[in-house]
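Comments concern the structure below.
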Amino acid sequence: MTAPRDGPAAPAPLAPGLYIVATPIGNLADLSPRGADILRRADLIACEDTRVTATLLRAAGSRRPMLRLDDHRERARTDALVARMARESVALVSDAGTPLVSDPGFVLVRAAREAGVPVTTAPGPCAAVAALSISGLPADRFFFAGFLPAAPRAREAAIAALAAVPGTLIFHETAPRLAATLAALAAILGDRPAAVARELTKRHEEVVTGRLAELAARFAQSPPRGEIVVLVGPRAEEAATDDEVEAALRRALATMPPGRAAASVAAAFGVPRGALYARALALAAEDEGEGGCDAT
Ligand code: SAM
């Protein structure tokens with residue numbers, strides 16, 4: 001018996017269309033068998049970073065060509081890619097997790113759908129959902145808010161806009177910004193239960209739970225490393241007491257002027273802003289008075 005001259009037969013091609021393939025968020029073994037099969041058979045693999053995806057393709061036994069489709073190139077390349085999907089299969093992956101979730105792909109998927117191209121998914125890892133599933137916070141209703149803005153005022157406004165969401169809030173965050181974000185969340189949302197999920201599926205996977213203010217202090221003292229998801233439990237169902245509102249106002253005043261502190265706390269607790277503003281001015285004046293008295 002003679003060995004075939006041309007090596008193993010190439011895998012059968014896939015039907016034309018767009019395939020959204022979720023990839024591991026740390027542990028290569030989390031790529032699904034179906035995701036790997038698509039990566040071996042697609043005509044083209046669109047990806048954020050060809051070096052990152054080359055590692056994944058090696059692990060999956062794929063030698064398919066790659067095309068870079070990061071945030072800067074997505075708009076420019078979408079029309080040509082969608083045109084190719086009439087006769088070719090295109091798989092979209094991101095560096096980690098599910099494409100489109102804080103990653104490129106939305107423009108491409110929308111354009112493919114508008115063009116009548118079949119779009120299908122090989123679902124799998126997603127850091128936000130993985131974190132939710134092990135956080136111990138309510139998972140029946142949740143709101144994924146992606147990355148908060150880096151600038152303090154924009155971040156405060158974004159947090160205040162989420163105050164009334166009746167479910168667990170989920171954020172992507174970077175290690176250097178974690179402590180400041182937790183402090184801002186505590187100041188604006190009140191001291192809710194929360195979780196910080198770090199390095200999921202990797203050697204140093206860790207989930208730290210506690211109240212927001214406690215977590216803010218902990219991570220300010222020992223800054224973390226690695227990739228992080230922050231989760232914040234929903235607002236308590238029962239109405240807040242005056243003491244709780246007052247405590248939240250004091251926390252907010254530590255980082256914000258009275259107007260913004262009153263607006264944030266009013267949004268978080270669903271109480272009128274006017275009365276809180278007067279109280280915020282009084283508290284700020286008290287603080288100034290205390291600060292002005294030098295002990296001799
Ligand atoms: N599309 C990805 C997904 O579905 O998980 C998210 C991509 S987003 C650009 C990267 C962010 O996801 C990180 O900054 C971090 O917040 C979160 N993340 C990714 N991998 C993680 C991991 N192993 N553990 C914790 N968070 C992770």
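Note on naming: chains are A, B, ... as they come in the structure tokens, residues start from 1 per chain, ligands start from 1 in the order shown.
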
Next on the checklist: For range 192-198 of chain A, find every residue with an atom within 6 Å (counting only C-alpha atoms), except residues of its own chain fewer than 6 positions away, and show them as a ChimeraX atom specification.
Outcome noted: /A:131,205-212,227-233

Please save N, CA, C and O atoms of the selected residues as an mmCIF file, in the first residue's frame.
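part06.cif, written as the output of this step:
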```cif
data_model
loop_
_atom_site.group_PDB
_atom_site.id
_atom_site.type_symbol
_atom_site.label_atom_id
_atom_site.label_comp_id
_atom_site.auth_asym_id
_atom_site.auth_seq_id
_atom_site.Cartn_x
_atom_site.Cartn_y
_atom_site.Cartn_z
ATOM 1 N N ALA A 131 -17.891 35.437 34.191
ATOM 2 C CA ALA A 131 -17.767 36.080 35.501
ATOM 3 C C ALA A 131 -19.110 36.067 36.231
ATOM 4 O O ALA A 131 -19.190 35.743 37.424
ATOM 5 N N GLU A 205 -6.742 32.508 38.305
ATOM 6 C CA GLU A 205 -8.167 32.891 38.360
ATOM 7 C C GLU A 205 -8.574 33.194 39.805
ATOM 8 O O GLU A 205 -8.217 32.463 40.731
ATOM 9 N N GLU A 206 -9.345 34.287 39.950
ATOM 10 C CA GLU A 206 -9.749 34.694 41.311
ATOM 11 C C GLU A 206 -11.049 35.482 41.209
ATOM 12 O O GLU A 206 -11.225 36.280 40.285
ATOM 13 N N VAL A 207 -11.949 35.254 42.159
ATOM 14 C CA VAL A 207 -13.152 36.082 42.256
ATOM 15 C C VAL A 207 -13.210 36.620 43.681
ATOM 16 O O VAL A 207 -13.271 35.839 44.635
ATOM 17 N N VAL A 208 -13.162 37.948 43.827
ATOM 18 C CA VAL A 208 -13.212 38.559 45.159
ATOM 19 C C VAL A 208 -14.582 39.221 45.282
ATOM 20 O O VAL A 208 -14.963 40.026 44.429
ATOM 21 N N THR A 209 -15.304 38.875 46.343
ATOM 22 C CA THR A 209 -16.634 39.457 46.531
ATOM 23 C C THR A 209 -16.644 40.329 47.778
ATOM 24 O O THR A 209 -15.816 40.163 48.676
ATOM 25 N N GLY A 210 -17.576 41.251 47.831
ATOM 26 C CA GLY A 210 -17.692 42.134 48.996
ATOM 27 C C GLY A 210 -18.514 43.344 48.608
ATOM 28 O O GLY A 210 -19.091 43.389 47.524
ATOM 29 N N ARG A 211 -18.566 44.330 49.518
ATOM 30 C CA ARG A 211 -19.252 45.594 49.194
ATOM 31 C C ARG A 211 -18.312 46.467 48.367
ATOM 32 O O ARG A 211 -17.077 46.361 48.479
ATOM 33 N N LEU A 212 -18.887 47.364 47.575
ATOM 34 C CA LEU A 212 -18.071 48.177 46.669
ATOM 35 C C LEU A 212 -16.980 48.966 47.402
ATOM 36 O O LEU A 212 -15.827 48.995 46.954
ATOM 37 N N GLU A 227 -6.510 40.516 33.650
ATOM 38 C CA GLU A 227 -7.765 40.941 33.010
ATOM 39 C C GLU A 227 -8.910 40.819 34.000
ATOM 40 O O GLU A 227 -8.978 39.860 34.776
ATOM 41 N N ILE A 228 -9.812 41.803 33.946
ATOM 42 C CA ILE A 228 -10.775 41.952 35.040
ATOM 43 C C ILE A 228 -12.184 42.234 34.537
ATOM 44 O O ILE A 228 -12.395 43.039 33.623
ATOM 45 N N VAL A 229 -13.150 41.589 35.194
ATOM 46 C CA VAL A 229 -14.560 41.930 35.015
ATOM 47 C C VAL A 229 -15.094 42.374 36.378
ATOM 48 O O VAL A 229 -14.834 41.714 37.386
ATOM 49 N N VAL A 230 -15.811 43.494 36.398
ATOM 50 C CA VAL A 230 -16.414 43.998 37.637
ATOM 51 C C VAL A 230 -17.923 43.779 37.548
ATOM 52 O O VAL A 230 -18.538 44.085 36.516
ATOM 53 N N LEU A 231 -18.498 43.258 38.614
ATOM 54 C CA LEU A 231 -19.949 43.034 38.651
ATOM 55 C C LEU A 231 -20.532 43.732 39.869
ATOM 56 O O LEU A 231 -19.946 43.662 40.965
ATOM 57 N N VAL A 232 -21.669 44.378 39.701
ATOM 58 C CA VAL A 232 -22.308 45.116 40.795
ATOM 59 C C VAL A 232 -23.752 44.631 40.908
ATOM 60 O O VAL A 232 -24.505 44.656 39.921
ATOM 61 N N GLY A 233 -24.109 44.193 42.109
ATOM 62 C CA GLY A 233 -25.461 43.682 42.326
ATOM 63 C C GLY A 233 -26.509 44.775 42.171
ATOM 64 O O GLY A 233 -26.210 45.965 42.276
#
```

Checklist entry - Using only C-alpha atoms and all ligand atoms, which protein or nucleic acid residues are at most 10 Å from ligand 1, as a ChimeraX atom specification? => result /A:22-27,93-104,124-131,146-147,170-175,196-207,226-230

Checklist entry - For Gly17 in chain A, which residue out of A:Thr120, A:Ser89, A:Ser133, A:Thr241 is the nearest one, using only C-alpha atoms? => result A:Ser89

Next on the checklist: Quick one: residues within 12 Å of Asp43 in chain A, only C-alpha atoms, excluding same-chain residues fewer than 4 positions away - as a VMD selection string?
Outcome noted: chain A and resid 10 to 19 38 to 39 62 to 67 81 84 to 92

Just-selected residues, N, CA and C atoms written as a PDB file, in the first residue's frame:
```
ATOM      1  N   ALA A  10      -7.515  17.998   1.962  1.00  0.00           N
ATOM      2  CA  ALA A  10      -7.955  19.249   2.598  1.00  0.00           C
ATOM      3  C   ALA A  10      -9.381  19.063   3.099  1.00  0.00           C
ATOM      4  N   PRO A  11      -9.728  19.650   4.264  1.00  0.00           N
ATOM      5  CA  PRO A  11     -11.096  19.478   4.759  1.00  0.00           C
ATOM      6  C   PRO A  11     -12.103  20.109   3.809  1.00  0.00           C
ATOM      7  N   ALA A  12     -13.293  19.550   3.803  1.00  0.00           N
ATOM      8  CA  ALA A  12     -14.324  20.065   2.895  1.00  0.00           C
ATOM      9  C   ALA A  12     -14.636  21.515   3.243  1.00  0.00           C
ATOM     10  N   PRO A  13     -14.833  22.366   2.224  1.00  0.00           N
ATOM     11  CA  PRO A  13     -15.140  23.773   2.527  1.00  0.00           C
ATOM     12  C   PRO A  13     -16.515  23.923   3.166  1.00  0.00           C
ATOM     13  N   LEU A  14     -16.702  25.049   3.821  1.00  0.00           N
ATOM     14  CA  LEU A  14     -17.995  25.358   4.440  1.00  0.00           C
ATOM     15  C   LEU A  14     -18.900  26.044   3.429  1.00  0.00           C
ATOM     16  N   ALA A  15     -20.180  26.027   3.697  1.00  0.00           N
ATOM     17  CA  ALA A  15     -21.116  26.792   2.856  1.00  0.00           C
ATOM     18  C   ALA A  15     -20.759  28.286   2.973  1.00  0.00           C
ATOM     19  N   PRO A  16     -20.933  29.063   1.914  1.00  0.00           N
ATOM     20  CA  PRO A  16     -20.622  30.493   1.980  1.00  0.00           C
ATOM     21  C   PRO A  16     -21.407  31.188   3.094  1.00  0.00           C
ATOM     22  N   GLY A  17     -20.813  32.235   3.665  1.00  0.00           N
ATOM     23  CA  GLY A  17     -21.507  32.988   4.715  1.00  0.00           C
ATOM     24  C   GLY A  17     -20.520  33.482   5.754  1.00  0.00           C
ATOM     25  N   LEU A  18     -21.064  34.035   6.818  1.00  0.00           N
ATOM     26  CA  LEU A  18     -20.245  34.578   7.912  1.00  0.00           C
ATOM     27  C   LEU A  18     -20.437  33.717   9.156  1.00  0.00           C
ATOM     28  N   TYR A  19     -19.331  33.294   9.744  1.00  0.00           N
ATOM     29  CA  TYR A  19     -19.342  32.431  10.929  1.00  0.00           C
ATOM     30  C   TYR A  19     -18.686  33.197  12.076  1.00  0.00           C
ATOM     31  N   ILE A  38     -14.778  24.876  12.206  1.00  0.00           N
ATOM     32  CA  ILE A  38     -15.011  26.030  11.317  1.00  0.00           C
ATOM     33  C   ILE A  38     -13.678  26.700  10.962  1.00  0.00           C
ATOM     34  N   LEU A  39     -12.818  26.825  11.944  1.00  0.00           N
ATOM     35  CA  LEU A  39     -11.520  27.477  11.678  1.00  0.00           C
ATOM     36  C   LEU A  39     -10.656  26.651  10.716  1.00  0.00           C
ATOM     37  N   SER A  62      -5.423  24.427  12.087  1.00  0.00           N
ATOM     38  CA  SER A  62      -5.916  25.144  10.895  1.00  0.00           C
ATOM     39  C   SER A  62      -4.757  25.851  10.196  1.00  0.00           C
ATOM     40  N   ARG A  63      -4.807  25.823   8.865  1.00  0.00           N
ATOM     41  CA  ARG A  63      -3.796  26.567   8.086  1.00  0.00           C
ATOM     42  C   ARG A  63      -4.493  27.519   7.127  1.00  0.00           C
ATOM     43  N   ARG A  64      -5.659  27.992   7.515  1.00  0.00           N
ATOM     44  CA  ARG A  64      -6.439  28.874   6.628  1.00  0.00           C
ATOM     45  C   ARG A  64      -5.854  30.285   6.656  1.00  0.00           C
ATOM     46  N   PRO A  65      -6.026  31.033   5.564  1.00  0.00           N
ATOM     47  CA  PRO A  65      -5.476  32.396   5.520  1.00  0.00           C
ATOM     48  C   PRO A  65      -6.224  33.349   6.449  1.00  0.00           C
ATOM     49  N   MET A  66      -5.492  34.353   6.937  1.00  0.00           N
ATOM     50  CA  MET A  66      -6.097  35.338   7.861  1.00  0.00           C
ATOM     51  C   MET A  66      -6.164  36.711   7.198  1.00  0.00           C
ATOM     52  N   LEU A  67      -7.129  37.501   7.636  1.00  0.00           N
ATOM     53  CA  LEU A  67      -7.215  38.901   7.194  1.00  0.00           C
ATOM     54  C   LEU A  67      -7.435  39.741   8.445  1.00  0.00           C
ATOM     55  N   LEU A  81     -15.459  42.346   2.136  1.00  0.00           N
ATOM     56  CA  LEU A  81     -15.631  41.049   2.800  1.00  0.00           C
ATOM     57  C   LEU A  81     -17.036  40.497   2.580  1.00  0.00           C
ATOM     58  N   ARG A  84     -17.332  38.985  -0.754  1.00  0.00           N
ATOM     59  CA  ARG A  84     -16.716  37.651  -0.834  1.00  0.00           C
ATOM     60  C   ARG A  84     -17.621  36.570  -0.241  1.00  0.00           C
ATOM     61  N   MET A  85     -18.433  36.965   0.745  1.00  0.00           N
ATOM     62  CA  MET A  85     -19.282  35.967   1.421  1.00  0.00           C
ATOM     63  C   MET A  85     -20.355  35.385   0.498  1.00  0.00           C
ATOM     64  N   ALA A  86     -20.552  35.994  -0.680  1.00  0.00           N
ATOM     65  CA  ALA A  86     -21.522  35.432  -1.638  1.00  0.00           C
ATOM     66  C   ALA A  86     -21.025  34.066  -2.118  1.00  0.00           C
ATOM     67  N   ARG A  87     -19.701  33.873  -2.144  1.00  0.00           N
ATOM     68  CA  ARG A  87     -19.172  32.591  -2.658  1.00  0.00           C
ATOM     69  C   ARG A  87     -18.183  31.933  -1.707  1.00  0.00           C
ATOM     70  N   GLU A  88     -17.828  32.619  -0.605  1.00  0.00           N
ATOM     71  CA  GLU A  88     -16.823  32.063   0.307  1.00  0.00           C
ATOM     72  C   GLU A  88     -17.327  32.086   1.750  1.00  0.00           C
ATOM     73  N   SER A  89     -16.713  31.217   2.557  1.00  0.00           N
ATOM     74  CA  SER A  89     -17.038  31.225   3.990  1.00  0.00           C
ATOM     75  C   SER A  89     -15.990  32.065   4.714  1.00  0.00           C
ATOM     76  N   VAL A  90     -16.469  32.989   5.551  1.00  0.00           N
ATOM     77  CA  VAL A  90     -15.562  33.854   6.323  1.00  0.00           C
ATOM     78  C   VAL A  90     -15.850  33.623   7.803  1.00  0.00           C
ATOM     79  N   ALA A  91     -14.826  33.245   8.565  1.00  0.00           N
ATOM     80  CA  ALA A  91     -14.990  33.118  10.025  1.00  0.00           C
ATOM     81  C   ALA A  91     -14.436  34.379  10.668  1.00  0.00           C
ATOM     82  N   LEU A  92     -15.174  34.911  11.637  1.00  0.00           N
ATOM     83  CA  LEU A  92     -14.684  36.079  12.390  1.00  0.00           C
ATOM     84  C   LEU A  92     -14.337  35.641  13.807  1.00  0.00           C
TER      85      LEU A  92
END
```

Next on the checklist: I need the residues in range 162-241 of chain A that are helix (DSSP H, G or I) according to DSSP; give them as an MDAnalysis selection string.
Outcome noted: chainID A and resid 175:189 212:221
